[in-house]
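Trainee: What follows is the file query01.pdb, containing PDB, C-alpha atoms:
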```pdb
ATOM      1  CA  MET N   1      36.126  22.513   4.687
ATOM      2  CA  THR N   2      34.342  21.592   7.915
ATOM      3  CA  ARG N   3      30.698  20.960   8.719
ATOM      4  CA  PRO N   4      28.877  21.265  12.036
ATOM      5  CA  CYS N   5      28.362  18.094  14.038
ATOM      6  CA  HIS N   6      27.378  16.951  17.551
ATOM      7  CA  SER N   7      29.417  18.013  20.526
ATOM      8  CA  ASP N   8      31.444  15.310  22.243
ATOM      9  CA  MET N   9      28.954  15.208  25.102
ATOM     10  CA  THR N  10      26.070  14.032  22.899
ATOM     11  CA  LEU N  11      27.613  10.950  21.299
ATOM     12  CA  LYS N  12      24.901   8.698  22.688
ATOM     13  CA  LEU N  13      22.879   6.350  20.545
ATOM     14  CA  ARG N  14      19.140   6.796  20.373
ATOM     15  CA  LYS N  15      16.908   3.898  21.366
ATOM     16  CA  LYS N  16      15.424   3.758  17.859
ATOM     17  CA  ASP N  17      18.929   3.245  16.393
ATOM     18  CA  ILE N  18      19.696   0.464  18.863
ATOM     19  CA  ASP N  19      16.324  -1.130  18.052
ATOM     20  CA  PHE N  20      17.028  -0.824  14.316
ATOM     21  CA  PHE N  21      20.216  -2.889  14.697
ATOM     22  CA  SER N  22      18.448  -5.346  17.029
ATOM     23  CA  ILE N  23      15.747  -6.132  14.437
ATOM     24  CA  TYR N  24      18.450  -7.636  12.218
ATOM     25  CA  GLY N  25      20.339  -9.379  15.038
ATOM     26  CA  GLU N  26      23.255  -6.961  14.876
ATOM     27  CA  GLU N  27      23.541  -6.025  18.574
ATOM     28  CA  ASN N  28      27.054  -7.490  18.836
ATOM     29  CA  ASN N  29      28.255  -5.592  15.793
ATOM     30  CA  LEU N  30      26.573  -2.405  17.022
ATOM     31  CA  GLU N  31      28.708  -2.543  20.157
ATOM     32  CA  ARG N  32      31.853  -2.763  18.015
ATOM     33  CA  LEU N  33      31.085   0.244  15.809
ATOM     34  CA  PRO N  34      32.791   3.542  16.608
ATOM     35  CA  LYS N  35      30.041   5.791  18.003
ATOM     36  CA  LYS N  36      31.060   8.603  15.667
ATOM     37  CA  PHE N  37      29.726   6.467  12.771
ATOM     38  CA  PHE N  38      26.235   7.684  13.732
ATOM     39  CA  PHE N  39      27.201  11.358  13.803
ATOM     40  CA  LEU N  40      29.604  11.814  10.876
ATOM     41  CA  PRO N  41      28.573  13.389   7.575
ATOM     42  CA  ALA N  42      28.372  11.132   4.505
ATOM     43  CA  SER N  43      30.750  13.546   2.788
ATOM     44  CA  LEU N  44      32.263  16.909   3.577
ATOM     45  CA  LYS N  45      31.388  18.422   0.210
ATOM     46  CA  TYR N  46      28.625  16.511  -1.555
ATOM     47  CA  HIS N  47      25.734  14.302  -0.431
ATOM     48  CA  LEU N  48      24.444  14.437   3.140
ATOM     49  CA  ASN N  49      27.261  16.693   4.299
ATOM     50  CA  TYR N  50      25.767  17.252   7.735
ATOM     51  CA  GLN N  51      25.809  15.531  11.110
ATOM     52  CA  GLY N  52      24.366  12.042  10.927
ATOM     53  CA  GLY N  53      24.619  12.011   7.124
ATOM     54  CA  LEU N  54      26.758   8.855   6.994
ATOM     55  CA  TYR N  55      24.265   6.821   9.016
ATOM     56  CA  GLU N  56      21.391   8.268   6.975
ATOM     57  CA  HIS N  57      23.211   7.287   3.765
ATOM     58  CA  CYS N  58      23.698   3.723   5.021
ATOM     59  CA  LYS N  59      19.987   3.526   5.885
ATOM     60  CA  ASN N  60      19.137   4.798   2.391
ATOM     61  CA  VAL N  61      21.319   2.104   0.822
ATOM     62  CA  PHE N  62      19.558  -0.515   2.958
ATOM     63  CA  SER N  63      16.157   0.906   2.058
ATOM     64  CA  PHE N  64      16.965   0.635  -1.651
ATOM     65  CA  LEU N  65      18.225  -2.940  -1.260
ATOM     66  CA  GLN N  66      15.168  -3.891   0.761
ATOM     67  CA  GLU N  67      12.607  -2.280  -1.558
ATOM     68  CA  ASN N  68      14.145  -2.756  -5.002
ATOM     69  CA  ILE N  69      16.431  -5.778  -4.937
ATOM     70  CA  ARG N  70      14.101  -8.411  -3.599
ATOM     71  CA  ARG N  71      15.881 -11.608  -4.396
ATOM     72  CA  PRO N  72      15.838 -15.000  -2.703
ATOM     73  CA  ASP N  73      19.644 -14.969  -2.750
ATOM     74  CA  LEU N  74      19.796 -11.722  -0.718
ATOM     75  CA  PRO N  75      18.555 -12.198   2.859
ATOM     76  CA  LEU N  76      17.618  -8.975   4.670
ATOM     77  CA  LYS N  77      20.377  -9.520   7.223
ATOM     78  CA  SER N  78      22.972  -9.558   4.417
ATOM     79  CA  ALA N  79      21.471  -6.429   2.854
ATOM     80  CA  PHE N  80      21.556  -4.748   6.269
ATOM     81  CA  ARG N  81      25.193  -5.640   6.932
ATOM     82  CA  MET N  82      26.427  -4.527   3.515
ATOM     83  CA  ALA N  83      24.520  -1.249   3.719
ATOM     84  CA  MET N  84      25.549  -0.392   7.279
ATOM     85  CA  TYR N  85      29.229  -1.254   6.972
ATOM     86  CA  HIS N  86      30.148  -0.369   3.362
ATOM     87  CA  ASP N  87      31.377   3.140   4.228
ATOM     88  CA  LEU N  88      33.081   2.492   7.566
ATOM     89  CA  CYS N  89      36.220   3.908   5.965
ATOM     90  CA  LYS N  90      34.744   7.338   6.608
ATOM     91  CA  THR N  91      35.309   6.842  10.329
ATOM     92  CA  GLU N  92      39.010   7.083   9.410
ATOM     93  CA  TYR N  93      38.687   9.741   6.711
ATOM     94  CA  TYR N  94      36.673  12.215   8.766
ATOM     95  CA  THR N  95      38.060  13.320  12.068
ATOM     96  CA  PRO N  96      36.868  15.762  14.707
ATOM     97  CA  ASP N  97      38.328  19.235  14.479
ATOM     98  CA  ALA N  98      40.464  20.533  17.339
ATOM     99  CA  VAL N  99      37.313  21.600  19.187
ATOM    100  CA  GLY N 100      36.056  18.050  19.654
ATOM    101  CA  PHE N 101      32.935  16.909  17.813
ATOM    102  CA  SER N 102      31.674  20.377  16.924
ATOM    103  CA  THR N 103      33.073  20.153  13.366
ATOM    104  CA  PHE N 104      34.684  17.527  11.168
ATOM    105  CA  LYS N 105      37.472  17.712   8.647
ATOM    106  CA  TYR N 106      39.199  15.335   6.273
ATOM    107  CA  ASN N 107      41.930  13.352   8.031
ATOM    108  CA  LYS N 108      45.054  13.802   5.928
ATOM    109  CA  LYS N 109      46.940  11.115   7.865
ATOM    110  CA  PRO N 110      44.678   8.082   8.306
ATOM    111  CA  ARG N 111      46.065   5.148  10.258
ATOM    112  CA  PHE N 112      45.682   2.892   7.215
ATOM    113  CA  LYS N 113      47.963   4.663   4.751
ATOM    114  CA  ASP N 114      47.576   4.006   1.024
ATOM    115  CA  VAL N 115      44.443   1.896   1.467
ATOM    116  CA  ARG N 116      41.588   3.022  -0.747
ATOM    117  CA  HIS N 117      37.937   3.503   0.187
ATOM    118  CA  SER N 118      36.459  -0.003  -0.236
ATOM    119  CA  ALA N 119      39.507  -1.895   1.010
ATOM    120  CA  LEU N 120      39.728   0.426   4.012
ATOM    121  CA  SER N 121      36.139  -0.355   4.983
ATOM    122  CA  CYS N 122      37.074  -4.074   4.874
ATOM    123  CA  ALA N 123      40.187  -3.479   6.988
ATOM    124  CA  ILE N 124      38.130  -1.625   9.600
ATOM    125  CA  ILE N 125      35.508  -4.390   9.656
ATOM    126  CA  ALA N 126      38.282  -6.914  10.352
ATOM    127  CA  LYS N 127      39.981  -4.693  12.946
ATOM    128  CA  LEU N 128      36.721  -4.144  14.851
ATOM    129  CA  GLY N 129      35.841  -7.839  14.736
ATOM    130  CA  ILE N 130      32.520  -7.167  13.022
ATOM    131  CA  GLU N 131      30.793 -10.421  12.167
ATOM    132  CA  ILE N 132      30.104 -10.547   8.436
ATOM    133  CA  ALA N 133      29.818 -13.265   5.793
ATOM    134  CA  PRO N 134      32.595 -13.542   3.179
ATOM    135  CA  GLN N 135      30.131 -12.797   0.349
ATOM    136  CA  GLU N 136      29.030  -9.582   2.115
ATOM    137  CA  LEU N 137      32.630  -8.528   2.758
ATOM    138  CA  GLU N 138      33.539  -9.114  -0.881
ATOM    139  CA  ALA N 139      30.615  -6.895  -1.952
ATOM    140  CA  ILE N 140      31.902  -4.141   0.337
ATOM    141  CA  ARG N 141      35.403  -4.588  -1.105
ATOM    142  CA  TRP N 142      34.160  -3.867  -4.643
ATOM    143  CA  HIS N 143      31.209  -1.530  -3.941
ATOM    144  CA  MET N 144      32.960   1.524  -5.425
ATOM    145  CA  GLY N 145      33.460  -0.237  -8.748
ATOM    146  CA  LEU N 146      35.814   1.508 -11.147
ATOM    147  CA  TRP N 147      35.977   4.600  -8.910
ATOM    148  CA  ASP N 148      38.262   2.690  -6.563
ATOM    149  CA  ILE N 149      40.410   0.741  -9.038
ATOM    150  CA  THR N 150      43.804   1.808 -10.359
ATOM    151  CA  THR N 151      45.244  -1.233 -12.154
ATOM    152  CA  ASP N 152      44.166  -3.623 -14.886
ATOM    153  CA  GLU N 153      44.713  -6.491 -12.446
ATOM    154  CA  GLU N 154      42.159  -4.983 -10.055
ATOM    155  CA  LYS N 155      39.667  -4.567 -12.913
ATOM    156  CA  GLU N 156      40.064  -8.238 -13.776
ATOM    157  CA  GLU N 157      39.814  -9.249 -10.112
ATOM    158  CA  MET N 158      36.584  -7.258  -9.686
ATOM    159  CA  SER N 159      35.156  -8.677 -12.908
ATOM    160  CA  GLU N 160      35.822 -12.244 -11.730
ATOM    161  CA  ALA N 161      34.346 -11.490  -8.311
ATOM    162  CA  MET N 162      31.200 -10.050  -9.907
ATOM    163  CA  LYS N 163      30.696 -13.222 -11.958
ATOM    164  CA  ARG N 164      30.448 -15.335  -8.818
ATOM    165  CA  ASN N 165      28.958 -12.867  -6.315
ATOM    166  CA  PRO N 166      25.753 -10.991  -7.205
ATOM    167  CA  TYR N 167      25.933  -9.051  -3.911
ATOM    168  CA  ILE N 168      28.605  -6.830  -5.503
ATOM    169  CA  SER N 169      26.237  -5.532  -8.186
ATOM    170  CA  TYR N 170      23.384  -5.195  -5.686
ATOM    171  CA  LEU N 171      25.479  -3.016  -3.377
ATOM    172  CA  GLN N 172      26.986  -0.955  -6.195
ATOM    173  CA  ILE N 173      23.530  -0.153  -7.592
ATOM    174  CA  ALA N 174      22.062   0.639  -4.175
ATOM    175  CA  ASP N 175      24.978   2.887  -3.172
ATOM    176  CA  MET N 176      24.930   4.820  -6.445
ATOM    177  CA  TYR N 177      21.140   5.182  -6.412
ATOM    178  CA  ALA N 178      21.096   6.401  -2.816
ATOM    179  CA  THR N 179      23.923   8.869  -3.467
ATOM    180  CA  HIS N 180      22.735  10.310  -6.763
ATOM    181  CA  TYR N 181      18.934  10.119  -6.498
ATOM    182  CA  MET N 182      17.664   9.630  -2.948
ATOM    183  CA  GLU N 183      20.183  12.117  -1.519
ATOM    184  CA  ARG N 184      20.379  14.591  -4.400
ATOM    185  CA  GLY N 185      20.441  18.143  -3.090
ATOM    186  CA  LYS N 186      20.556  17.097   0.565
TER     187      LYS N 186
END
```
Can you turn what I pasted into structure tokens?
Mentor:
Amino acid sequence: MTRPCHSDMTLKLRKKDIDFFSIYGEENNLERLPKKFFFLPASLKYHLNYQGGLYEHCKNVFSFLQENIRRPDLPLKSAFRMAMYHDLCKTEYYTPDAVGFSTFKYNKKPRFKDVRHSALSCAIIAKLGIEIAPQELEAIRWHMGLWDITTDEEKEEMSEAMKRNPYISYLQIADMYATHYMERGK
């Protein structure tokens, strides 16, 4: 199933998006992001399945973190990074249709074969050279919780990580809330 998206000629960032990244000192990382990140849907079937939905979803996750998880151990810059980069895997999962950026489809042959959602986002962050703290990266690695785990060893690994890193729970809650409540029916 495909959804309409921008044409290839309009993949230009808006000043307000550049400014949004600048507020949190993320200009260097902004330059590393694939431009299609700003134009992809958040999903092809469910929430925010329209052009720009992925970026909107990431902003919703950040908004939830900023407004509802006000903790001294969660600086805004960390909340921003986790929210903006947690679903970078979708830049591999969703690919332009044959007609360029007019529609998107699910990429059945991603470059990172057999790497699941959360781990793929981490691999892309590393590949792009995005600057991120280890605690933030670990939260991204486990943000899908049990949805992205297939072995008992992974369950134990996530459980141990959650005991030492509260960012994991913060991101899981924010992502689920944004997906199921803020974006319901959109």
Trainee: Calculate how many Å separate CA of Tyr177 (chain N) from CA of Arg32 (chain N), rounding to one decimal.
Mentor: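 We find that CA of Tyr177 (chain N) and CA of Arg32 (chain N) lie 27.8 Å from each other.
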Trainee: From the list N:Leu88, N:Cys122, N:Val61, N:Leu74, which residue is nearest Gln172 (chain N) when using all atoms listed in the file?
Mentor: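 Counting all atoms listed in the file, the residue closest to Gln172 (chain N) is N:Val61.
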Trainee: Between CA of Asp73 (chain N) and CA of Phe21 (chain N), measure the distance and give it in Å to one decimal.
Mentor: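 Value for the CA of Asp73 (chain N)-CA of Phe21 (chain N) distance: 21.2 Å.
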Trainee: Under the rule that only C-alpha atoms are counted, which of N:Asp175, N:Asp19, N:Glu157, N:Glu138 is the nearest residue to Met84 (chain N)?
Mentor: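 Closest candidate: N:Asp175.
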Trainee: For the PyMOL selection byres ((chain N and resi 36) around 9), applied here, can you spell out every residue it catches as a count of residues only?
Mentor: 11
Trainee: Got a sec to resolve the PyMOL selection byres ((chain N and resi 53) around 9) on this structure and send the residues as number ranges by chain?
Mentor: N: 38-43, 47-52, 54-58
Trainee: Find the residue from N:Lys127, N:Trp142, N:Ser169, N:Gln66 that sits nearest to Glu156 (chain N); use only C-alpha atoms when measuring.
Mentor: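 Checking each candidate against Glu156 (chain N), we get N:Trp142 as the closest.
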